[in-house]
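Just protein-v4.csv here, CSV, C-alpha atoms:
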```csv
chain,number,residue,atom,x,y,z
A,23,MET,CA,77.2,163.7,106.4
A,24,ALA,CA,79.1,161.7,109.0
A,25,GLN,CA,82.9,161.6,108.6
A,26,VAL,CA,84.4,158.2,107.8
A,27,LEU,CA,87.4,157.8,110.0
A,28,PRO,CA,90.5,155.9,108.6
A,29,LEU,CA,91.3,152.5,109.9
A,30,PRO,CA,94.1,152.4,112.6
A,31,LYS,CA,97.4,151.3,111.3
A,32,TYR,CA,97.4,148.1,113.4
A,33,HIS,CA,94.0,147.1,112.0
A,34,ARG,CA,95.1,147.6,108.4
A,35,ILE,CA,98.2,145.4,109.0
A,36,TYR,CA,95.9,142.8,110.7
A,37,LEU,CA,93.7,142.8,107.6
A,38,VAL,CA,96.6,142.3,105.2
A,39,LEU,CA,98.2,139.5,107.3
A,40,ARG,CA,94.8,137.8,107.7
A,41,GLU,CA,94.4,137.7,103.9
A,42,GLN,CA,97.9,136.4,103.5
A,43,LEU,CA,97.2,133.7,106.1
A,44,GLY,CA,94.1,132.7,104.2
A,45,GLU,CA,96.3,132.3,101.0
A,46,GLY,CA,98.7,130.0,102.7
A,47,ARG,CA,101.6,132.5,102.5
A,48,PHE,CA,103.1,131.5,105.9
A,49,VAL,CA,103.4,127.8,105.8
A,50,ASP,CA,106.8,127.9,107.5
A,51,GLY,CA,105.8,130.6,110.0
A,52,LEU,CA,105.2,134.4,109.9
A,53,PRO,CA,108.1,136.8,109.7
A,54,GLY,CA,109.4,138.1,113.0
A,55,GLU,CA,108.4,141.4,114.5
A,56,LEU,CA,111.4,143.3,113.2
A,57,ALA,CA,110.8,142.0,109.7
A,58,LEU,CA,107.2,143.1,109.9
A,59,MET,CA,108.1,146.5,111.3
A,60,ALA,CA,110.4,147.0,108.3
A,61,GLN,CA,107.8,145.7,105.8
A,62,PHE,CA,105.0,148.0,107.0
A,63,GLY,CA,107.1,150.9,108.3
A,64,VAL,CA,105.5,151.0,111.7
A,65,ALA,CA,106.6,150.6,115.4
A,66,ARG,CA,106.8,147.4,117.3
A,67,VAL,CA,103.7,148.2,119.3
A,68,THR,CA,101.6,148.5,116.1
A,69,ILE,CA,102.8,145.1,114.9
A,70,ARG,CA,102.1,143.5,118.2
A,71,ARG,CA,98.6,144.8,118.3
A,72,ALA,CA,98.0,143.3,114.8
A,73,LEU,CA,99.4,140.0,115.9
A,74,GLU,CA,97.4,140.0,119.1
A,75,GLN,CA,94.2,140.4,117.1
A,76,LEU,CA,95.2,137.5,114.8
A,77,ALA,CA,96.0,135.4,117.9
A,78,ALA,CA,92.7,136.3,119.6
A,79,GLU,CA,90.8,135.0,116.5
A,80,GLY,CA,92.7,131.7,116.6
A,81,LEU,CA,94.5,132.3,113.3
A,82,ILE,CA,98.1,132.2,114.7
A,83,SER,CA,100.0,130.8,117.6
A,84,ARG,CA,102.7,132.9,119.3
A,85,GLU,CA,105.2,130.9,121.4
A,86,PRO,CA,108.5,132.2,122.9
A,87,GLY,CA,111.4,130.6,121.1
A,88,ARG,CA,109.2,129.0,118.4
A,89,GLY,CA,108.1,132.1,116.6
A,90,THR,CA,104.6,132.8,115.2
A,91,ARG,CA,102.9,130.1,113.1
A,92,PRO,CA,99.5,129.9,111.4
A,93,LEU,CA,96.8,127.8,112.9
A,94,ASP,CA,94.1,128.1,110.2
A,95,PRO,CA,95.0,126.1,107.0
A,96,ALA,CA,94.6,127.9,103.7
A,97,SER,CA,91.2,127.2,102.3
A,98,SER,CA,90.8,130.0,99.8
A,99,ASN,CA,93.4,128.9,97.3
A,100,THR,CA,91.5,126.1,95.8
A,101,PRO,CA,89.5,127.5,92.9
A,102,ALA,CA,85.8,127.0,93.4
A,103,THR,CA,84.2,125.0,90.7
A,104,SER,CA,81.0,126.9,91.5
A,105,GLY,CA,82.6,130.1,90.2
A,106,ARG,CA,81.3,131.9,87.1
A,107,ARG,CA,82.1,130.1,83.8
A,108,ALA,CA,83.6,132.6,81.3
A,109,GLN,CA,82.6,132.5,77.7
A,110,LEU,CA,85.5,132.4,75.3
A,111,THR,CA,83.9,135.0,73.0
A,112,GLY,CA,83.8,137.4,75.8
A,113,LEU,CA,86.4,137.3,78.6
A,114,LEU,CA,89.3,135.4,77.1
A,115,GLU,CA,89.3,137.3,73.8
A,116,ASN,CA,89.0,140.5,75.8
A,117,LEU,CA,92.0,139.5,77.9
A,118,VAL,CA,94.1,138.9,74.8
A,119,SER,CA,93.0,142.2,73.3
A,120,MET,CA,93.9,144.0,76.6
A,121,GLY,CA,97.3,142.3,76.6
A,122,LEU,CA,98.0,143.6,73.2
A,123,LYS,CA,97.0,147.2,74.0
A,124,THR,CA,99.0,147.6,77.2
A,125,SER,CA,102.6,147.3,78.3
A,126,VAL,CA,104.0,144.7,80.7
A,127,LYS,CA,107.0,144.5,83.1
A,128,VAL,CA,108.1,141.0,83.9
A,129,LEU,CA,109.2,140.8,87.5
A,130,GLU,CA,109.9,137.1,87.8
A,131,VAL,CA,109.9,133.9,85.8
A,132,ARG,CA,111.1,130.7,87.3
A,133,GLY,CA,110.4,127.0,87.7
A,134,ILE,CA,109.1,126.1,91.1
A,135,SER,CA,107.8,122.9,92.8
A,136,ALA,CA,104.0,123.0,92.9
A,137,SER,CA,102.6,123.6,96.4
A,138,GLU,CA,99.5,121.8,97.5
A,139,SER,CA,97.2,124.6,96.3
A,140,VAL,CA,98.9,125.0,92.9
A,141,ALA,CA,99.0,121.2,92.4
A,142,SER,CA,95.3,121.0,93.2
A,143,ALA,CA,94.4,123.7,90.8
A,144,LEU,CA,96.5,122.4,87.9
A,145,GLN,CA,95.7,118.8,88.7
A,146,VAL,CA,99.4,117.8,88.9
A,147,ALA,CA,101.3,116.0,91.6
A,148,ILE,CA,102.6,118.0,94.6
A,149,GLY,CA,106.2,119.0,93.9
A,150,SER,CA,105.8,118.8,90.1
A,151,GLU,CA,107.6,121.6,88.3
A,152,VAL,CA,105.5,124.5,87.2
A,153,GLN,CA,106.4,127.9,85.7
A,154,LYS,CA,105.6,130.8,88.0
A,155,ALA,CA,105.5,134.2,86.3
A,156,VAL,CA,104.9,137.6,88.0
A,157,ARG,CA,104.1,140.6,85.8
A,158,VAL,CA,102.8,144.2,86.2
A,159,ARG,CA,100.7,145.5,83.4
A,160,SER,CA,100.3,149.3,82.7
A,161,THR,CA,98.6,151.8,80.5
A,162,ARG,CA,99.8,155.4,79.9
A,163,GLU,CA,98.3,156.4,83.2
A,164,GLY,CA,100.4,153.9,85.1
A,165,ALA,CA,100.3,150.3,86.5
A,166,PHE,CA,96.9,148.8,86.9
A,167,SER,CA,97.4,145.0,87.5
A,168,HIS,CA,99.8,142.7,89.3
A,169,ILE,CA,99.5,139.2,87.9
A,170,THR,CA,100.9,135.9,89.1
A,171,THR,CA,100.4,132.8,86.8
A,172,TYR,CA,101.2,129.2,87.2
A,173,VAL,CA,101.5,126.9,84.2
A,174,PRO,CA,102.7,123.3,84.0
A,175,GLN,CA,106.3,123.3,83.0
A,176,SER,CA,105.5,120.8,80.1
A,177,LEU,CA,103.4,123.6,78.5
A,178,ALA,CA,105.7,126.5,79.4
A,179,SER,CA,109.0,125.1,78.2
A,180,SER,CA,108.8,127.1,74.9
A,181,PHE,CA,108.5,130.6,76.5
A,182,GLY,CA,110.2,132.6,79.2
A,183,ARG,CA,110.9,136.1,80.4
A,184,ARG,CA,111.6,137.5,76.9
A,185,GLU,CA,108.4,136.0,75.3
A,186,LEU,CA,106.2,137.0,78.3
A,187,SER,CA,107.4,140.6,78.0
A,188,ARG,CA,106.1,140.6,74.4
A,189,LYS,CA,102.9,138.6,74.2
A,190,PRO,CA,99.9,137.7,76.4
A,191,ILE,CA,100.4,134.3,78.0
A,192,LEU,CA,97.2,132.9,76.3
A,193,LEU,CA,98.8,133.6,72.9
A,194,LEU,CA,102.0,131.9,74.0
A,195,LEU,CA,100.1,128.9,75.2
A,196,GLU,CA,98.2,128.7,71.9
A,197,GLU,CA,101.5,128.9,70.0
A,198,SER,CA,102.7,126.0,72.1
A,199,GLY,CA,99.8,123.9,70.8
A,200,VAL,CA,97.3,124.5,73.6
A,201,LYS,CA,93.7,124.9,72.4
A,202,VAL,CA,92.0,127.0,75.1
A,203,GLY,CA,88.6,125.7,76.0
A,204,ARG,CA,87.0,127.4,79.0
A,205,ALA,CA,87.7,129.3,82.2
A,206,TYR,CA,86.4,129.5,85.7
A,207,GLN,CA,86.9,132.7,87.7
A,208,THR,CA,86.1,134.3,90.9
A,209,ILE,CA,86.2,138.0,91.7
A,210,SER,CA,86.6,139.4,95.3
A,211,ALA,CA,88.6,142.0,97.1
A,212,ARG,CA,91.8,142.1,99.1
A,213,LEU,CA,94.2,144.6,100.6
A,214,ALA,CA,97.5,145.5,99.0
A,215,ASP,CA,100.6,144.3,100.9
A,216,ALA,CA,103.9,146.1,100.8
A,217,ALA,CA,105.2,144.5,97.7
A,218,VAL,CA,102.1,144.8,95.6
A,219,ALA,CA,101.5,148.4,96.8
A,220,GLN,CA,104.9,149.4,95.6
A,221,HIS,CA,104.4,148.0,92.1
A,222,LEU,CA,100.9,149.4,91.7
A,223,ASP,CA,101.8,152.8,93.3
A,224,VAL,CA,99.2,152.6,96.1
A,225,SER,CA,99.3,152.6,99.8
A,226,VAL,CA,99.7,149.5,101.9
A,227,GLY,CA,96.2,148.4,102.8
A,228,THR,CA,94.5,149.8,99.7
A,229,ALA,CA,91.5,147.8,98.5
A,230,LEU,CA,92.2,146.0,95.2
A,231,LEU,CA,90.1,143.8,92.9
A,232,ALA,CA,91.2,140.2,93.3
A,233,VAL,CA,90.7,137.8,90.4
A,234,ARG,CA,91.3,134.0,90.5
A,235,ARG,CA,91.1,132.4,87.0
A,236,LEU,CA,91.6,128.8,86.1
A,237,ILE,CA,91.8,128.1,82.4
A,238,HIS,CA,91.3,124.7,80.8
A,239,ASP,CA,92.1,123.4,77.3
A,240,GLU,CA,89.6,121.7,75.0
A,241,ASN,CA,90.2,118.4,76.8
A,242,ASP,CA,89.3,120.0,80.1
A,243,ARG,CA,92.9,119.9,81.3
A,244,PRO,CA,93.9,122.9,83.5
A,245,VAL,CA,96.6,124.9,81.7
A,246,GLN,CA,96.9,128.1,83.7
A,247,TRP,CA,96.0,129.3,87.2
A,248,LEU,CA,96.1,133.1,87.5
A,249,HIS,CA,96.0,135.3,90.6
A,250,GLY,CA,95.4,138.9,89.6
A,251,LEU,CA,95.3,142.1,91.6
A,252,TYR,CA,93.8,145.2,90.0
A,253,ARG,CA,93.6,148.9,90.9
A,254,PRO,CA,89.8,149.6,90.9
A,255,ASP,CA,90.4,153.2,89.8
A,256,ARG,CA,92.2,152.0,86.6
A,257,TYR,CA,90.4,148.8,85.8
A,258,GLU,CA,86.7,148.0,85.4
A,259,TYR,CA,85.0,144.7,85.0
A,260,GLN,CA,81.8,144.7,83.0
A,261,MET,CA,79.1,141.9,82.8
A,262,GLU,CA,75.9,141.8,80.8
A,263,LEU,CA,73.1,139.8,82.4
A,264,SER,CA,69.9,138.3,81.0
A,265,ARG,CA,67.0,136.8,82.9
A,266,VAL,CA,66.1,133.2,82.1
A,267,GLY,CA,63.7,130.6,83.5
A,268,SER,CA,60.0,130.4,84.2
A,269,ILE,CA,58.0,133.2,85.7
A,270,ASP,CA,58.4,131.8,89.2
A,271,ALA,CA,62.1,130.9,88.9
A,272,LYS,CA,63.8,133.6,86.9
A,273,VAL,CA,67.6,133.9,87.4
A,274,TRP,CA,70.3,136.2,86.1
A,275,VAL,CA,72.8,134.6,83.8
A,276,SER,CA,75.9,136.0,82.1
A,277,LYS,CA,75.6,136.9,78.5
A,278,ASP,CA,78.9,138.4,78.0
A,279,LEU,CA,82.0,139.3,80.1
A,280,SER,CA,84.5,142.0,79.5
A,281,ALA,CA,87.2,144.0,81.3
A,282,ARG,CA,88.0,147.6,80.7
A,283,PHE,CA,91.0,149.6,81.9
A,284,THR,CA,91.4,153.4,82.1
```
Once more with this new file: its structure as structure tokens, please.
Amino acid sequence: MAQVLPLPKYHRIYLVLREQLGEGRFVDGLPGELALMAQFGVARVTIRRALEQLAAEGLISREPGRGTRPLDPASSNTPATSGRRAQLTGLLENLVSMGLKTSVKVLEVRGISASESVASALQVAIGSEVQKAVRVRSTREGAFSHITTYVPQSLASSFGRRELSRKPILLLLEESGVKVGRAYQTISARLADAAVAQHLDVSVGTALLAVRRLIHDENDRPVQWLHGLYRPDRYEYQMELSRVGSIDAKVWVSKDLSARFT
């Protein structure tokens, strides 16, 4: 069997930065070389090789005296309406159950002005106040998810750090009078950056499951936008599929959705 060689350090950093650029993380410009050296724990030559690769792909512009700025606008933040529609009897009930069976550490809860991507997802005006919450959820084996949620401040005014440390956010929304109706979600993969790697106890550049979930109430109003990163060795997503349609046009559709952690 052929040996699989590890990715060079500069390439792993390039992959992490490319994902962050796609998420619109560097609207005001990328950190300087010294800051990136400290973040990734590598030498300047490694950072420069990663930045050179990003520049060669036309993703960043590097100009002396002006710093490094992104050239490719974020396009992956807007939730795709073509994503899979989750059934309440499966995914959302499972999420609440999972929240009740695990422990959570609240890293951050604060009101922020909605960026363009957050405003688009929640269908509010750019600059509107929303609650941003960052949490790490764990089992006895350790941390398995790093979750960032955005909720319109009008719906989040009744709960904060204390409540989020005790109950799943869906229960808190329901207690606030929200009747959850449906959810759209996409599942992909991304690499752990330095901050997430530390909280999930993995190496920088480790592949993680990435979940984007937009939840609506019964009136089809967006009430929560979630960005979740999960350790694949501690979290498993299960889907049961059924075939429907005529004999010449059968397709697979979701019958049930669930998530399982180890």
Between A:His33, A:Arg132, A:Lys127, A:Arg91, which is the closest to A:Arg70 once you count all atoms listed in the file?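 Residue with the minimum atom-to-atom distance to A:Arg70: A:His33.
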Using all atoms listed in the file, pick whichever of A:Leu73, A:Val126, A:Val131, A:Ala57 has the shortest atom-to-atom distance to A:Ile35. A:Leu73
Which of these, A:Ser150, A:Gln75, A:Ser180, A:Ser187, has the shortest distance to A:Val128 once you count all atoms listed in the file?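 Under the stated criterion, the closest residue is A:Ser187.
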Atom CA of A:Gly227 to atom CA of A:Gly44, straight-line distance in Å: 15.9 Å
Two-atom distance - atom CA of A:Leu129, atom CA of A:Val156 (Å):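 Rounded to one decimal, the two atoms are 5.4 Å apart.
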Compile the contact shell of A:Glu74 as a list in words: residues with an atom at most 10 Å away, counting all atoms listed in the file, same-chain residues fewer than 6 positions apart removed.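 After dropping sequence-adjacent residues, the list is Tyr32, Tyr36, Thr68, Gly80, Ile82, Ser83 and Arg84 of chain A.
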I'd like the neighbourhood of A:Ile134 as a tab-separated table (two decimals) with C-alpha atoms, keeping the file's coordinate frame, where a residue qualifies if any of its atoms comes within 12 Å (using all atoms listed in the file), though same-chain residues fewer than 4 positions away should be ignored.
```
chain	number	residue	atom	x	y	z
A	130	GLU	CA	109.90	137.10	87.80
A	140	VAL	CA	98.90	125.00	92.90
A	141	ALA	CA	99.00	121.20	92.40
A	148	ILE	CA	102.60	118.00	94.60
A	149	GLY	CA	106.20	119.00	93.90
A	150	SER	CA	105.80	118.80	90.10
A	151	GLU	CA	107.60	121.60	88.30
A	152	VAL	CA	105.50	124.50	87.20
A	153	GLN	CA	106.40	127.90	85.70
A	154	LYS	CA	105.60	130.80	88.00
A	155	ALA	CA	105.50	134.20	86.30
A	171	THR	CA	100.40	132.80	86.80
A	172	TYR	CA	101.20	129.20	87.20
A	173	VAL	CA	101.50	126.90	84.20
A	174	PRO	CA	102.70	123.30	84.00
A	175	GLN	CA	106.30	123.30	83.00
```
